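Source file run_12.txt; content: compact mmCIF, C-alpha atoms.
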```
# COMPACT_ATOMS: atom_id res chain seq x y z
CA MET A 194 -86.58 264.44 89.56
CA ASN A 195 -85.12 262.62 92.59
CA ASN A 196 -85.08 259.11 91.15
CA ARG A 197 -81.63 259.06 89.54
CA HIS A 198 -81.82 255.45 88.52
CA TYR A 199 -85.33 255.25 87.10
CA LEU A 200 -86.22 251.84 85.62
CA ILE A 201 -89.54 250.38 84.73
CA LYS A 202 -90.35 248.27 87.78
CA ASN A 203 -92.15 245.43 86.10
CA VAL A 204 -89.10 244.51 83.98
CA ALA A 205 -86.43 244.94 86.66
CA PHE A 206 -86.17 241.21 87.31
CA PHE A 207 -85.94 240.46 83.59
CA LEU A 208 -83.23 243.07 83.18
CA SER A 209 -81.09 241.64 85.94
CA LEU A 210 -81.26 238.16 84.42
CA SER A 211 -80.68 239.46 80.90
CA LEU A 212 -77.70 241.56 81.92
CA LEU A 213 -76.19 238.59 83.76
CA GLY A 214 -76.65 236.32 80.75
CA PHE A 215 -75.27 238.96 78.42
CA VAL A 216 -72.13 239.42 80.53
CA ILE A 217 -71.53 235.67 80.80
CA ALA A 218 -71.88 235.24 77.03
CA SER A 219 -69.54 238.15 76.39
CA GLU A 220 -66.92 236.81 78.77
CA LYS A 221 -66.93 233.51 76.93
CA LYS A 222 -66.06 235.45 73.79
CA GLY A 223 -63.36 237.44 75.55
CA ALA A 224 -65.21 240.72 75.04
CA ASN A 225 -66.99 241.53 78.29
CA GLU A 226 -66.51 245.28 78.23
CA PRO A 227 -69.76 247.25 78.45
CA LEU A 228 -70.65 249.46 75.51
CA ILE A 229 -69.32 252.92 76.26
CA TYR A 230 -71.76 255.05 74.30
CA LEU A 231 -74.98 253.05 74.76
CA ASN A 232 -76.77 252.28 78.01
CA GLU A 233 -77.63 248.60 77.66
CA GLU A 234 -80.13 248.76 80.51
CA ARG A 235 -82.30 250.96 78.28
CA LEU A 236 -81.68 248.72 75.25
CA LEU A 237 -82.83 245.71 77.23
CA VAL A 238 -86.02 247.50 78.21
CA SER A 239 -86.68 248.00 74.49
CA LYS A 240 -85.90 244.35 73.79
CA GLN A 241 -88.37 243.27 76.44
CA ARG A 242 -91.06 245.63 75.20
CA LEU A 243 -90.52 244.31 71.67
CA SER A 244 -90.82 240.71 72.82
CA GLU A 245 -94.09 241.60 74.58
CA GLY A 246 -95.54 242.90 71.32
CA HIS A 247 -95.67 246.56 72.37
CA LYS A 248 -96.93 248.35 69.26
CA ALA A 249 -94.71 251.43 69.59
CA TYR A 250 -91.59 249.27 69.72
CA GLU A 251 -92.77 246.97 66.93
CA SER A 252 -93.31 250.05 64.76
CA ALA A 253 -89.92 251.54 65.65
CA TYR A 254 -88.19 248.20 65.09
CA LYS A 255 -89.82 247.79 61.68
CA GLU A 256 -88.77 251.31 60.69
CA LEU A 257 -85.25 250.73 62.02
CA LEU A 258 -84.81 247.59 59.92
CA SER A 259 -86.19 249.39 56.86
CA LEU A 260 -83.61 252.13 57.31
CA ALA A 261 -80.86 249.56 57.88
CA ASN A 262 -81.84 247.64 54.76
CA THR A 263 -81.51 250.86 52.79
CA GLU A 264 -78.04 251.33 54.29
CA LEU A 265 -77.06 247.87 53.08
CA GLN A 266 -77.56 249.03 49.49
CA LYS A 267 -75.43 252.16 49.77
CA ALA A 268 -71.85 252.34 48.56
CA VAL A 269 -69.34 253.36 51.23
CA ASP A 270 -68.40 257.01 50.70
CA PRO A 271 -65.00 257.82 52.28
CA VAL A 272 -63.13 261.13 52.44
CA THR A 273 -61.18 260.16 49.32
CA ASN A 274 -64.36 260.65 47.25
CA LYS A 275 -64.46 264.45 47.62
CA THR A 276 -63.77 266.55 44.56
CA MET A 277 -62.14 269.54 46.30
CA LEU A 278 -58.73 269.30 47.94
CA PRO A 279 -57.78 270.90 51.27
CA ALA A 280 -54.80 273.24 51.43
CA SER A 281 -52.60 270.27 52.36
CA GLY A 282 -53.22 268.70 48.97
CA ASP A 283 -53.89 265.39 50.72
CA ILE A 284 -57.19 263.75 49.76
CA HIS A 285 -57.11 261.80 53.05
CA ASP A 286 -57.51 264.97 55.13
CA TYR A 287 -61.04 265.72 56.31
CA TYR A 288 -62.11 268.91 54.54
CA THR A 289 -65.14 271.18 54.89
CA LEU A 290 -65.96 274.85 54.50
CA GLY A 291 -67.16 277.10 57.30
CA SER A 292 -70.88 276.31 57.59
CA TYR A 293 -71.94 279.89 58.29
CA TYR A 294 -69.47 281.61 55.95
CA TRP A 295 -70.46 283.22 52.65
CA PRO A 296 -68.69 285.13 49.86
CA ASP A 297 -68.45 288.85 50.63
CA GLU A 298 -70.81 290.47 48.12
CA THR A 299 -68.97 293.77 48.42
CA LYS A 300 -65.80 292.19 46.97
CA GLU A 301 -65.37 291.20 43.34
CA ASP A 302 -63.73 287.90 44.27
CA GLY A 303 -65.84 287.49 47.41
CA LEU A 304 -62.73 287.08 49.57
CA PRO A 305 -62.34 286.67 52.40
CA TRP A 306 -65.67 284.99 53.12
CA ILE A 307 -67.74 286.60 55.89
CA TYR A 308 -69.64 285.13 58.84
CA LYS A 309 -73.46 285.04 58.98
CA ASP A 310 -74.51 283.43 62.25
CA GLY A 311 -76.99 280.59 61.83
CA GLN A 312 -77.18 280.88 58.02
CA PHE A 313 -75.93 277.57 56.66
CA ASN A 314 -74.17 277.83 53.29
CA PRO A 315 -75.49 274.98 51.09
CA ILE A 316 -72.14 274.64 49.31
CA SER A 317 -71.04 272.68 52.37
CA ASN A 318 -73.77 270.13 51.74
CA GLY A 319 -72.45 268.75 48.45
CA PRO A 320 -70.02 266.02 47.39
CA GLU A 321 -67.21 268.57 46.95
CA THR A 322 -66.35 268.46 50.66
CA ASP A 323 -66.68 265.95 53.51
CA TRP A 324 -69.37 267.57 55.66
CA LEU A 325 -72.33 265.56 54.35
CA ARG A 326 -70.43 262.29 53.85
CA ARG A 327 -69.17 262.44 57.44
CA LYS A 328 -72.69 263.09 58.73
CA SER A 329 -74.11 260.28 56.58
CA MET A 330 -71.40 257.85 57.66
CA LEU A 331 -72.04 258.38 61.37
CA ASN A 332 -75.80 258.08 60.86
CA SER A 333 -75.30 254.84 58.91
CA LEU A 334 -73.20 253.34 61.69
CA GLU A 335 -75.84 254.14 64.31
CA ILE A 336 -78.68 252.62 62.27
CA LEU A 337 -76.73 249.50 61.37
CA ALA A 338 -75.42 248.94 64.91
CA LEU A 339 -78.90 249.22 66.42
CA ALA A 340 -80.41 247.01 63.72
CA PHE A 341 -77.83 244.36 64.54
CA TYR A 342 -78.30 244.71 68.28
CA PHE A 343 -82.04 244.15 68.14
CA SER A 344 -82.28 241.70 65.24
CA GLU A 345 -78.98 239.86 65.88
CA ASP A 346 -78.66 239.61 62.09
CA ILE A 347 -74.94 239.77 61.42
CA VAL A 348 -75.43 241.25 57.95
CA TYR A 349 -75.98 244.68 59.50
CA LEU A 350 -72.80 244.55 61.54
CA GLU A 351 -70.83 243.31 58.52
CA LYS A 352 -71.94 246.41 56.60
CA ALA A 353 -70.92 248.62 59.52
CA LYS A 354 -67.58 246.82 59.56
CA ASP A 355 -67.07 247.65 55.88
CA ILE A 356 -67.78 251.32 56.55
CA VAL A 357 -65.39 251.55 59.51
CA GLU A 358 -62.60 249.73 57.72
CA THR A 359 -62.99 251.90 54.61
CA TRP A 360 -63.06 255.17 56.57
CA PHE A 361 -60.43 254.46 59.22
CA ILE A 362 -58.28 251.42 58.38
CA ASN A 363 -57.84 250.87 54.62
CA ASN A 364 -54.70 252.73 53.57
CA ASP A 365 -56.18 253.72 50.22
CA THR A 366 -59.31 255.35 51.59
CA LYS A 367 -58.87 256.10 55.29
CA MET A 368 -59.13 259.53 56.86
CA ASN A 369 -56.05 261.04 58.44
CA PRO A 370 -56.50 261.22 62.25
CA ASN A 371 -56.88 264.99 62.47
CA VAL A 372 -59.34 267.76 61.59
CA ASP A 373 -56.80 270.39 60.57
CA TYR A 374 -58.65 271.33 57.39
CA GLY A 375 -62.26 271.34 58.51
CA LYS A 376 -64.42 274.47 58.29
CA ALA A 377 -61.91 276.30 56.11
CA ILE A 378 -62.68 279.96 55.37
CA PRO A 379 -61.78 280.90 51.77
CA GLY A 380 -59.42 283.82 51.69
CA LYS A 381 -58.73 283.60 55.39
CA SER A 382 -57.95 280.17 56.83
CA ALA A 383 -57.11 276.65 55.61
CA GLY A 384 -59.02 275.24 58.58
CA THR A 385 -60.39 276.21 61.98
CA ASN A 386 -60.89 274.66 65.41
CA PHE A 387 -64.67 274.85 64.95
CA SER A 388 -64.61 271.73 62.77
CA ILE A 389 -63.95 269.57 65.85
CA ILE A 390 -67.63 269.75 66.74
CA ASP A 391 -68.36 267.88 63.49
CA TRP A 392 -66.92 264.81 65.21
CA THR A 393 -68.92 265.01 68.43
CA ASP A 394 -70.47 261.64 67.57
CA ILE A 395 -67.20 259.89 66.77
CA GLY A 396 -68.24 257.48 69.52
CA LYS A 397 -70.51 255.77 66.98
CA VAL A 398 -67.34 254.46 65.34
CA ALA A 399 -66.08 253.15 68.68
CA MET A 400 -69.51 251.60 69.32
CA VAL A 401 -69.25 249.55 66.14
CA ALA A 402 -65.66 248.61 66.98
CA GLN A 403 -66.82 247.27 70.35
CA LEU A 404 -69.62 245.24 68.74
CA LEU A 405 -67.21 243.82 66.17
CA LYS A 406 -64.88 242.67 68.91
CA ARG A 407 -67.72 241.40 71.08
CA THR A 408 -69.10 239.21 68.28
CA GLY A 409 -65.72 237.98 67.06
CA LEU A 410 -65.98 239.65 63.64
CA TRP A 411 -62.79 241.42 64.68
CA GLN A 412 -59.97 239.66 66.45
CA GLU A 413 -57.37 241.61 68.41
CA LYS A 414 -55.32 242.25 65.26
CA GLU A 415 -58.17 244.12 63.57
CA ALA A 416 -59.30 245.82 66.77
CA SER A 417 -55.79 247.17 67.36
CA LYS A 418 -55.87 248.99 64.00
CA ILE A 419 -58.90 251.11 64.88
CA ARG A 420 -57.51 251.64 68.35
CA LEU A 421 -54.31 253.02 66.80
CA TRP A 422 -56.34 255.45 64.70
CA PHE A 423 -58.20 256.59 67.80
CA GLU A 424 -54.96 256.93 69.77
CA GLU A 425 -53.49 259.17 67.07
CA TYR A 426 -56.68 261.19 66.80
CA TYR A 427 -56.85 261.58 70.59
CA VAL A 428 -53.28 262.92 70.67
CA TRP A 429 -54.23 265.41 67.97
CA LEU A 430 -57.43 266.39 69.79
CA THR A 431 -55.69 267.05 73.08
CA THR A 432 -52.36 268.52 71.96
CA SER A 433 -52.88 270.31 68.63
CA GLU A 434 -53.38 274.05 68.39
CA PHE A 435 -56.97 273.58 67.22
CA GLY A 436 -57.74 271.01 69.90
CA LYS A 437 -56.43 273.19 72.69
CA LEU A 438 -58.30 276.21 71.32
CA GLU A 439 -61.61 274.34 71.05
CA GLU A 440 -61.25 273.15 74.64
CA THR A 441 -61.17 276.79 75.79
CA ARG A 442 -64.44 277.72 74.06
CA LYS A 443 -66.96 278.76 76.68
CA ASN A 444 -70.13 277.77 74.82
CA ASN A 445 -71.47 274.53 73.30
CA HIS A 446 -68.25 274.06 71.34
CA GLY A 447 -66.31 273.57 74.56
CA THR A 448 -68.97 271.27 76.03
CA ASN A 449 -69.08 269.08 72.93
CA TYR A 450 -65.29 268.99 72.94
CA ASP A 451 -65.42 267.64 76.50
CA TYR A 452 -67.93 264.95 75.53
CA GLN A 453 -65.71 263.86 72.67
CA ALA A 454 -62.54 263.86 74.78
CA ILE A 455 -64.07 262.10 77.79
CA GLY A 456 -65.57 259.36 75.65
CA LEU A 457 -62.24 258.70 73.98
CA MET A 458 -60.46 258.69 77.34
CA ILE A 459 -62.79 255.95 78.55
CA TYR A 460 -62.54 253.99 75.29
CA LEU A 461 -58.74 254.16 75.32
CA GLY A 462 -58.46 253.15 78.97
CA LYS A 463 -57.46 256.60 80.26
CA LYS A 464 -59.99 256.52 83.10
CA GLY A 465 -57.94 258.73 85.42
CA ASP A 466 -57.89 261.45 82.77
CA ALA A 467 -61.63 261.02 82.26
CA ILE A 468 -62.33 261.47 85.98
CA GLU A 469 -60.18 264.60 86.08
CA LYS A 470 -61.96 266.03 83.05
CA LEU A 471 -65.39 265.17 84.43
CA ASN A 472 -64.64 266.95 87.68
CA ALA A 473 -63.45 269.98 85.70
CA VAL A 474 -66.80 270.08 83.88
CA LYS A 475 -68.42 271.15 87.15
CA THR A 476 -66.70 274.52 87.05
CA THR A 477 -65.71 275.03 83.38
CA ARG A 478 -69.12 274.12 81.97
CA ILE A 479 -71.95 273.83 84.48
CA ALA A 480 -71.02 276.71 86.78
CA ALA A 481 -69.65 278.85 83.95
CA GLN A 482 -72.43 278.32 81.40
CA ILE A 483 -75.63 278.08 83.44
CA GLU A 484 -77.29 280.85 85.40
CA PRO A 485 -79.19 280.25 88.69
CA ASP A 486 -82.49 280.30 86.76
CA GLY A 487 -81.17 277.60 84.41
CA SER A 488 -80.65 279.84 81.38
CA GLN A 489 -77.54 279.52 79.23
CA PRO A 490 -76.63 283.10 78.18
CA LEU A 491 -74.02 282.22 75.56
CA GLU A 492 -76.48 279.96 73.77
CA LEU A 493 -79.39 282.38 74.09
CA ALA A 494 -77.24 285.05 72.43
CA ARG A 495 -77.12 283.04 69.19
CA THR A 496 -79.51 283.51 66.26
CA LYS A 497 -80.68 279.92 66.78
CA SER A 498 -81.13 280.22 70.53
CA VAL A 499 -83.46 277.24 70.94
CA ASN A 500 -81.15 274.94 68.98
CA TYR A 501 -78.04 275.94 70.86
CA SER A 502 -79.62 275.89 74.31
CA VAL A 503 -80.76 272.32 73.65
CA ASN A 504 -77.48 271.35 72.00
CA ASN A 505 -75.39 272.43 74.97
CA LEU A 506 -77.72 270.75 77.46
CA TRP A 507 -77.63 267.53 75.42
CA ALA A 508 -73.82 267.59 75.52
CA LEU A 509 -73.89 268.07 79.30
CA ALA A 510 -76.35 265.20 79.67
CA ARG A 511 -74.21 262.86 77.57
CA ILE A 512 -71.14 263.80 79.59
CA THR A 513 -73.11 263.03 82.75
CA ASP A 514 -74.14 259.66 81.34
CA LEU A 515 -70.53 258.72 80.54
CA GLY A 516 -69.43 259.78 84.01
CA ARG A 517 -72.05 257.87 85.97
CA ARG A 518 -71.77 254.64 83.96
CA HIS A 519 -67.97 254.45 83.72
CA THR A 520 -66.56 256.50 86.61
CA PRO A 521 -67.51 257.50 90.19
CA VAL A 522 -68.32 261.07 89.07
CA GLU A 523 -72.01 262.09 89.31
CA LEU A 524 -72.63 265.46 87.68
CA MET A 525 -76.38 265.52 88.35
CA ASP A 526 -75.60 265.99 92.03
CA PHE A 527 -73.47 269.07 91.38
CA GLU A 528 -74.79 272.55 92.08
CA SER A 529 -72.55 275.59 91.95
CA LYS A 530 -72.41 278.20 94.71
CA HIS A 531 -74.77 280.43 92.73
CA GLY A 532 -77.21 277.60 92.00
CA ALA A 533 -76.18 276.43 88.53
CA SER A 534 -76.99 272.81 87.74
CA ILE A 535 -77.97 270.55 84.87
CA GLU A 536 -81.36 270.05 86.49
CA ALA A 537 -81.88 273.83 86.54
CA ALA A 538 -81.04 274.03 82.83
CA MET A 539 -83.59 271.31 82.08
CA SER A 540 -86.27 272.98 84.19
CA PHE A 541 -85.64 276.34 82.50
CA LEU A 542 -86.84 275.04 79.13
CA VAL A 543 -90.02 273.31 80.30
CA PRO A 544 -92.38 276.32 80.76
CA TYR A 545 -91.39 277.63 77.33
CA ILE A 546 -92.09 274.24 75.75
CA LEU A 547 -95.46 274.09 77.52
CA GLY A 548 -96.33 277.62 76.38
CA GLU A 549 -96.43 278.98 79.92
CA LYS A 550 -93.74 281.53 79.01
CA MET A 551 -92.94 283.32 75.76
CA TRP A 552 -89.47 282.76 74.25
CA LYS A 553 -87.87 286.18 73.79
CA TRP A 554 -84.61 285.29 72.06
CA LYS A 555 -83.79 284.93 68.35
CA GLN A 556 -84.61 281.75 66.43
CA ILE A 557 -84.15 282.26 62.68
CA THR A 558 -84.66 278.65 61.56
CA GLY A 559 -87.22 275.88 62.00
CA GLY A 560 -90.19 278.22 61.63
CA GLY A 561 -89.27 280.31 64.66
CA ALA A 562 -88.99 279.73 68.38
CA GLU A 563 -92.48 278.34 69.03
CA LYS A 564 -92.15 275.60 66.42
CA GLN A 565 -88.60 274.72 67.41
CA LEU A 566 -89.59 274.44 71.04
CA GLN A 567 -92.18 271.84 70.01
CA ASN A 568 -90.30 270.03 67.25
CA LEU A 569 -86.77 270.09 68.66
CA ALA A 570 -86.70 271.04 72.33
CA ALA A 571 -89.66 268.93 73.53
CA PRO A 572 -88.47 265.54 72.23
CA LYS A 573 -84.86 266.36 73.11
CA ILE A 574 -85.67 267.27 76.71
CA ASN A 575 -87.40 263.90 77.03
CA LYS A 576 -84.38 262.12 75.54
CA ILE A 577 -82.20 263.91 78.09
CA ALA A 578 -84.43 262.81 80.95
CA LEU A 579 -84.46 259.21 79.75
CA LEU A 580 -80.69 259.23 79.23
CA LEU A 581 -80.24 260.43 82.80
CA GLY A 582 -82.68 257.93 84.30
CA GLU A 583 -85.37 260.53 84.97
CA LYS A 584 -89.06 260.53 84.15
CA PRO A 585 -89.84 262.37 80.89
CA LEU A 586 -90.65 266.01 81.54
CA ILE A 587 -93.08 266.55 78.64
CA ASP A 588 -95.38 263.55 78.93
CA THR A 589 -97.56 263.86 75.81
CA ILE A 590 -98.17 261.54 72.87
CA SER A 591 -97.24 264.24 70.33
CA VAL A 592 -93.78 264.58 71.85
CA TYR A 593 -93.16 260.83 71.76
CA GLU A 594 -94.23 260.73 68.13
CA LYS A 595 -91.41 263.12 67.27
CA LEU A 596 -88.79 260.63 68.49
CA SER A 597 -87.03 258.71 65.72
CA ALA A 598 -87.07 254.92 65.52
CA ALA A 599 -83.47 254.90 66.73
CA ASP A 600 -84.42 257.12 69.68
CA VAL A 601 -87.27 254.81 70.72
CA MET A 602 -85.09 251.71 70.62
CA THR A 603 -82.14 253.45 72.33
CA TYR A 604 -83.93 255.27 75.16
CA ALA A 605 -87.07 253.13 75.72
CA PRO A 606 -89.51 256.02 76.31
CA TYR A 607 -92.75 254.04 76.61
```
Could you write out this structure as structure tokens?
Amino acid sequence: MNNRHYLIKNVAFFLSLSLLGFVIASEKKGANEPLIYLNEERLLVSKQRLSEGHKAYESAYKELLSLANTELQKAVDPVTNKTMLPASGDIHDYYTLGSYYWPDETKEDGLPWIYKDGQFNPISNGPETDWLRRKSMLNSLEILALAFYFSEDIVYLEKAKDIVETWFINNDTKMNPNVDYGKAIPGKSAGTNFSIIDWTDIGKVAMVAQLLKRTGLWQEKEASKIRLWFEEYYVWLTTSEFGKLEETRKNNHGTNYDYQAIGLMIYLGKKGDAIEKLNAVKTTRIAAQIEPDGSQPLELARTKSVNYSVNNLWALARITDLGRRHTPVELMDFESKHGASIEAAMSFLVPYILGEKMWKWKQITGGGAEKQLQNLAAPKINKIALLLGEKPLIDTISVYEKLSAADVMTYAPY
């Protein structure tokens, strides 16, 4: 995997012209900043493939628009719609229950709830709390933003605008810029630092904000309101007790925290802080989390070892992508003194996916390790390779078929 900047050769000339035209058009609108969380080189490959009538892209595009049209019909569902209140008593505070916590069956009142690793409590999945509505909101924004990008139909971006304004700007419905009451543990804690990982994909909100400014649907007045929310949230993330604690986590929680923080640093113009944080990732994440053989011991120790190994590697890949596109830091070139690297972590998974080695760690969901390696790890390892400009590592039709329509249009795998 030596070609760090892999592009499909026969569209390189088209891409250069398209990127130039895109930048010129954006400058005329006063919004020439590149999208932070999406690599537009890959998006333009998808656009070209679509214009050429490539069946895989036509199919993905059709599915994407179908999903987006469904999103158009949905009512916006902000945090103020939950039926349970956090300990603060403020309906505007994001509130969830600990995903892996359950009532203690040995206690009459079940308190305090106890931890069962990997066993998701379905009570978190209802309208009582904000876990599902937050997940649905971020998914909606991604689908609508991509549908707009490829179709250029403003109706999709207008719906995304409505969602963002309802969730983060409208005083009657907006979420407070903190996660103090997420993943509460009944009988023990009003909230925990572990809820920060719920907002790993907060960049989807920033992505829509950038598109709104780029197209002129938001002028500076409107853009400044979401920026203020992000500024306040960033201060909370980096200075609160929970934020500081999450940053110290040595497993995927810490890595996903870094991705969230670095993305916000870049979005908010704190590039110096982003560079410092990216350089720290070399020692605090890559060297600390990955063994010379590419294994990730803290993730393998979990009851969903496949999921967490892939999750942590995905976070490292996304951090690498942010660094290389927006700063001088290149994490793919880093190798620790004992041989830890992102490339090693990717290579570790491949023989297990291909069935050349037997997975020997716990995997209690998804039908077991073998199925999760095929259904989760295989497509994800290809997404990671594409994100990082590498050739896909598992080059089979069945793996590509497991990519979602959004994945196909975002990462251009064919």
Legend entry - Minimum-distance residue to Ile535 in chain A, chosen among A:Leu566, A:Ala481, A:Ile587, A:Leu325 (using only C-alpha atoms): A:Ala481
Legend entry - For CA of Pro271 in chain A and CA of Ile459 in chain A, the interatomic separation in Å (one decimal):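 Going from CA of Pro271 in chain A over to CA of Ile459 in chain A covers 26.4 Å.
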Inset, instruction - Find the residues near Val601 in chain A: any atom within 12 Å, counting only C-alpha atoms, skip ones fewer than 2 places away on the same chain, and give them as an MDAnalysis selection string. - result: chainID A and resid 235:236 238:240 242:243 247:257 339 572 575:576 579:580 592:599 603:607
File dump, residues just selected, C-alpha atoms, as a PDB file, in the coordinates of the input:
```pdb
ATOM      1  CA  ARG A 235     -82.300 250.960  78.280  1.00  0.00           C
ATOM      2  CA  LEU A 236     -81.680 248.720  75.250  1.00  0.00           C
ATOM      3  CA  VAL A 238     -86.020 247.500  78.210  1.00  0.00           C
ATOM      4  CA  SER A 239     -86.680 248.000  74.490  1.00  0.00           C
ATOM      5  CA  LYS A 240     -85.900 244.350  73.790  1.00  0.00           C
ATOM      6  CA  ARG A 242     -91.060 245.630  75.200  1.00  0.00           C
ATOM      7  CA  LEU A 243     -90.520 244.310  71.670  1.00  0.00           C
ATOM      8  CA  HIS A 247     -95.670 246.560  72.370  1.00  0.00           C
ATOM      9  CA  LYS A 248     -96.930 248.350  69.260  1.00  0.00           C
ATOM     10  CA  ALA A 249     -94.710 251.430  69.590  1.00  0.00           C
ATOM     11  CA  TYR A 250     -91.590 249.270  69.720  1.00  0.00           C
ATOM     12  CA  GLU A 251     -92.770 246.970  66.930  1.00  0.00           C
ATOM     13  CA  SER A 252     -93.310 250.050  64.760  1.00  0.00           C
ATOM     14  CA  ALA A 253     -89.920 251.540  65.650  1.00  0.00           C
ATOM     15  CA  TYR A 254     -88.190 248.200  65.090  1.00  0.00           C
ATOM     16  CA  LYS A 255     -89.820 247.790  61.680  1.00  0.00           C
ATOM     17  CA  GLU A 256     -88.770 251.310  60.690  1.00  0.00           C
ATOM     18  CA  LEU A 257     -85.250 250.730  62.020  1.00  0.00           C
ATOM     19  CA  LEU A 339     -78.900 249.220  66.420  1.00  0.00           C
ATOM     20  CA  PRO A 572     -88.470 265.540  72.230  1.00  0.00           C
ATOM     21  CA  ASN A 575     -87.400 263.900  77.030  1.00  0.00           C
ATOM     22  CA  LYS A 576     -84.380 262.120  75.540  1.00  0.00           C
ATOM     23  CA  LEU A 579     -84.460 259.210  79.750  1.00  0.00           C
ATOM     24  CA  LEU A 580     -80.690 259.230  79.230  1.00  0.00           C
ATOM     25  CA  VAL A 592     -93.780 264.580  71.850  1.00  0.00           C
ATOM     26  CA  TYR A 593     -93.160 260.830  71.760  1.00  0.00           C
ATOM     27  CA  GLU A 594     -94.230 260.730  68.130  1.00  0.00           C
ATOM     28  CA  LYS A 595     -91.410 263.120  67.270  1.00  0.00           C
ATOM     29  CA  LEU A 596     -88.790 260.630  68.490  1.00  0.00           C
ATOM     30  CA  SER A 597     -87.030 258.710  65.720  1.00  0.00           C
ATOM     31  CA  ALA A 598     -87.070 254.920  65.520  1.00  0.00           C
ATOM     32  CA  ALA A 599     -83.470 254.900  66.730  1.00  0.00           C
ATOM     33  CA  THR A 603     -82.140 253.450  72.330  1.00  0.00           C
ATOM     34  CA  TYR A 604     -83.930 255.270  75.160  1.00  0.00           C
ATOM     35  CA  ALA A 605     -87.070 253.130  75.720  1.00  0.00           C
ATOM     36  CA  PRO A 606     -89.510 256.020  76.310  1.00  0.00           C
ATOM     37  CA  TYR A 607     -92.750 254.040  76.610  1.00  0.00           C
TER      38      TYR A 607
END
```
Inset, instruction - Find the residues near range 274-289 of chain A: any atom within 10 Å, counting only C-alpha atoms, skip ones fewer than 2 places away on the same chain, and give them as number ranges by chain. - result: A: 269-272, 291-292, 316-327, 360, 364-378, 382-385, 388, 391
Legend entry - One-decimal distance in Å that lies between CA of His531 in chain A and CA of Pro485 in chain A: 6.0 Å
Legend entry - For Ala268 in chain A, the nearest of the candidates A:Leu461, A:Ile356, A:Val428, A:Ala402, counting only C-alpha atoms: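 So, comparing all the options, the nearest one is A:Ile356.
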Legend entry - Residue nearest Glu469 in chain A - candidates A:Ile557, A:Ala261, A:Val522, A:Ile389, atoms counted: all atoms listed in the file: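 Going through A:Ile557, A:Ala261, A:Val522, A:Ile389 one by one, the smallest distance to Glu469 in chain A is for A:Val522.
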Legend entry - Counting all atoms listed in the file, the residue of A:Ile362, A:Ala454, A:Ala353, A:Leu334 that sits nearest Ile390 in chain A: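 Comparing A:Ile362, A:Ala454, A:Ala353, A:Leu334 against Ile390 in chain A, the winner is A:Ala454.
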Legend entry - Point-to-point distance from CA of Tyr450 in chain A to CA of Asn500 in chain A, Å rounded to tenths: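 Computed distance, CA of Tyr450 in chain A to CA of Asn500 in chain A, equals 17.4 Å.
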Inset, instruction - Could you give me, as a PyMOL selection string, the residues within 8 Å of range 558-564 of chain A, counting all atoms listed in the file and dropping anything in the same chain fewer than 6 positions from it? - result: chain A and resi 311+497+499+546+552
How about saving the chosen residues, C-alpha atoms kept, as an mmCIF file, keeping the file's coordinate frame?
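The new file selection-v3.cif reads:
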```cif
data_model
loop_
_atom_site.group_PDB
_atom_site.id
_atom_site.type_symbol
_atom_site.label_atom_id
_atom_site.label_comp_id
_atom_site.auth_asym_id
_atom_site.auth_seq_id
_atom_site.Cartn_x
_atom_site.Cartn_y
_atom_site.Cartn_z
ATOM 1 C CA GLY A 311 -76.990 280.590 61.830
ATOM 2 C CA LYS A 497 -80.680 279.920 66.780
ATOM 3 C CA VAL A 499 -83.460 277.240 70.940
ATOM 4 C CA ILE A 546 -92.090 274.240 75.750
ATOM 5 C CA TRP A 552 -89.470 282.760 74.250
#
```
